[in-house]
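Undergrad: Mind looking over this structure? Questions follow.
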Amino acid sequence: PDLLDKPDELDLAATIRRFRDRISELAATEPSVLAQLEIRPLEVMRHEEPALAPTRNVSQVPLTVVFSDLEGFTTFTSERGDLEASALLADHYDAVESITRSRGGQVVKKIGDGHMLAFGEPSAAVMASLDLTQTAPQPLRLRAGAHNGAVVQTSDDLFGHVVNIASRVTDLASGGMSLVTEDVRQAAGSMPLVTYTNTRSVMLDGLSEDVEVSEVTPT
């Protein structure tokens with residue numbers, strides 16, 4: 001297809017190169033044509049190609065990433081039907097949004113009956129995880145997992161090793177449980193309202209070293 005049919009950054013650069021090549025040919029074979037167009041070949045040859053703009057703004061920032069998941073939601077939907085499950089989920093979304101914001105965090109995205117959350121303060125992430133497990137919609141239970149570190153952040157999502165670990169830690173939790181890695185525990189510091197129990201080293205898929213996790217419980 002003709003490059004002009006796709007006017008994005010890459011096609012624009014290619015079009016300019018083709019134009020410059022054509023001007024060079026005209027300068028050598030038909031200089032009178034350039035004179036009629038009032039084009040000087042040297043100016044065209046010196047024209048810089050535009051820098052390609054990034055497709056999205058990307059940065060790397062330190063965050064505590066929390067994943068949550070409703071245990072038993074699929075069974076609930078099967079037994080109660082889609083309408084009741086949808087109503088429960090809508091109320092749950094509102095509750096998660098409220099709890100997250102009250103702790104200074106952000107709902108990055110919804111993942112079915114779960115969420116990806118981000119917090120600038122690790123201690124706030126720990127407290128939000130506890131809040132979520134204790135306010136799960138009945139008769140379901142919520143599980144949460146968290147990890148801390150540098151993540152790749154775009155305008156609407158988070159990516160990277162830290163995100164992957166947080167997700168896998170969540171998979172280790174059972175309903176009503178909040179698990180955090182040792183990195184979260186160390187970054188959060190002393191928290192008099194929180195107790196860390198059942199600390200253990202676990203092997204996560206894709207990692208060559210064990211990760212230490214602890215269960216978070218209110219004091």
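Identifiers in the structure tokens: chain A, B, ... in order shown; residue index from 1 per chain; ligand index from 1 in order shown.
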Do you know which residues are at most 12 Å from Leu207 of chain A counting only C-alpha atoms, after dropping those on the same chain fewer than 6 positions away, and could you put them as number ranges by chain?
TA: A: 161-162, 164-165, 168
Undergrad: So that I have them on file, write out the residues from the current selection with N, CA and C atoms, as a PDB file, in the first residue's frame.
TA:
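Final file, part32.pdb:
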ATOM      1  N   HIS A 161       8.304  -6.807  36.787  1.00  0.00           N
ATOM      2  CA  HIS A 161       8.594  -7.903  37.702  1.00  0.00           C
ATOM      3  C   HIS A 161       7.799  -7.779  39.001  1.00  0.00           C
ATOM      4  N   VAL A 162       7.726  -6.572  39.536  1.00  0.00           N
ATOM      5  CA  VAL A 162       7.004  -6.355  40.793  1.00  0.00           C
ATOM      6  C   VAL A 162       5.530  -6.720  40.644  1.00  0.00           C
ATOM      7  N   ASN A 164       4.237  -8.856  38.515  1.00  0.00           N
ATOM      8  CA  ASN A 164       4.121 -10.307  38.386  1.00  0.00           C
ATOM      9  C   ASN A 164       4.196 -11.003  39.740  1.00  0.00           C
ATOM     10  N   ILE A 165       5.123 -10.554  40.590  1.00  0.00           N
ATOM     11  CA  ILE A 165       5.266 -11.172  41.907  1.00  0.00           C
ATOM     12  C   ILE A 165       4.017 -10.918  42.751  1.00  0.00           C
ATOM     13  N   ARG A 168       1.313 -13.306  41.762  1.00  0.00           N
ATOM     14  CA  ARG A 168       1.557 -14.687  42.174  1.00  0.00           C
ATOM     15  C   ARG A 168       1.424 -14.859  43.679  1.00  0.00           C
TER      16      ARG A 168
END
Undergrad: Skip segment 98-101 of chain A itself and residues of its chain fewer than 2 positions away, then list as a list in words all residues within 8 Å of it, counting only C-alpha atoms.
TA: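 Result of the neighbour search: Asp94, Ala95, Val96, Arg103, Gly104, Gly105, Gln106, Val107, Leu117, Ala128, Asp131 and Leu132 of chain A.
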Undergrad: Mind checking which residues fall within 12 Å of Asp171 of chain A, counting only C-alpha atoms, ignoring those fewer than 5 positions away in the same chain, and posting them as a list in words?
TA: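 What passes the distance filter is Val66, Phe67, Ser68, Asp69, Leu70, Glu71, Gly114, Leu142, Arg143, Ala144, Gly145, Ala146, Asn164, Ile165, Ala166, Met177, Ser178, Leu179, Val180, Val202, Leu204 and Asp205 of chain A.
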Undergrad: How about saving the chosen residues, C-alpha atoms kept, as a short mmCIF file (atom, residue, chain, number, x, y, z; two decimals), in the first residue's frame?
TA:
data_model
loop_
_atom_site.label_atom_id
_atom_site.label_comp_id
_atom_site.auth_asym_id
_atom_site.auth_seq_id
_atom_site.Cartn_x
_atom_site.Cartn_y
_atom_site.Cartn_z
CA VAL A 66 -1.81 -5.01 45.51
CA PHE A 67 -3.99 -7.57 43.77
CA SER A 68 -7.35 -8.66 45.15
CA ASP A 69 -9.63 -11.50 44.18
CA LEU A 70 -13.04 -12.72 45.33
CA GLU A 71 -12.89 -16.39 46.24
CA GLY A 114 -10.55 -8.72 41.20
CA LEU A 142 -11.51 -11.76 49.48
CA ARG A 143 -7.83 -12.59 49.23
CA ALA A 144 -5.04 -10.08 48.61
CA GLY A 145 -1.33 -10.09 47.85
CA ALA A 146 1.24 -7.30 47.68
CA ASN A 164 4.12 -10.31 38.39
CA ILE A 165 5.27 -11.17 41.91
CA ALA A 166 2.30 -9.38 43.51
CA MET A 177 -6.13 -13.71 53.83
CA SER A 178 -3.72 -10.88 52.96
CA LEU A 179 -0.14 -11.83 52.07
CA VAL A 180 2.77 -9.43 51.63
CA VAL A 202 7.97 -19.87 48.84
CA LEU A 204 7.06 -18.71 42.66
CA ASP A 205 6.81 -19.67 39.00
#
Undergrad: Report, in Å with one decimal, the straight-line distance from atom CA of Ala188 of chain A to atom CA of Asp113 of chain A.
TA: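 According to the coordinates, atom CA of Ala188 of chain A and atom CA of Asp113 of chain A are separated by 27.1 Å.
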Undergrad: How many Å lie between atom CA of Val58 of chain A and atom CA of Ser129 of chain A, rounded to one decimal?
TA: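 Separating atom CA of Val58 of chain A from atom CA of Ser129 of chain A is a distance of 26.9 Å.
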Undergrad: List the spatial neighbours of segment 147-153 of chain A as a ChimeraX atom specification - criterion: any atom at most 10 Å away, only C-alpha atoms, same-chain residues fewer than 5 positions off excluded.
TA: /A:57-67,118-122,125,158-170,179-188,213
Undergrad: Given the choices A:Gly175, A:Pro139, A:Glu79, A:Val126, which gets closest to Ser214 of chain A if the distance is worked out from only C-alpha atoms?
TA: A:Val126
Undergrad: Enumerate as a count of residues only all residues of segment 70-195 of chain A assigned to strand (DSSP E) by DSSP on the backbone, naming them with the chain letters and numbers the document uses.
TA: 35
Undergrad: When distances are computed from only C-alpha atoms, which of A:Leu140, A:Leu89, A:Ile111, A:Val216 shows the smallest separation from Thr75 of chain A?
TA: A:Leu140
Undergrad: What separation in Å, quoted to one decimal, exists between atom CA of Thr135 of chain A and atom CA of Gly176 of chain A?
TA: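 So the answer is 9.5 Å.
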Undergrad: Which residue is closest to Phe76 of chain A? Choose from A:Lys109, A:Thr197, A:Gln138, A:Leu172 and count only C-alpha atoms.
TA: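 Ranked by minimum distance to Phe76 of chain A, first place goes to A:Gln138.
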Undergrad: From the set A:Ser102, A:Leu88, A:Ser123, A:Asp157, which residue has the shortest atom-to-atom contact distance to Pro137 of chain A, counting only C-alpha atoms?
TA: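 Going through A:Ser102, A:Leu88, A:Ser123, A:Asp157 one by one, the smallest distance to Pro137 of chain A is for A:Leu88.
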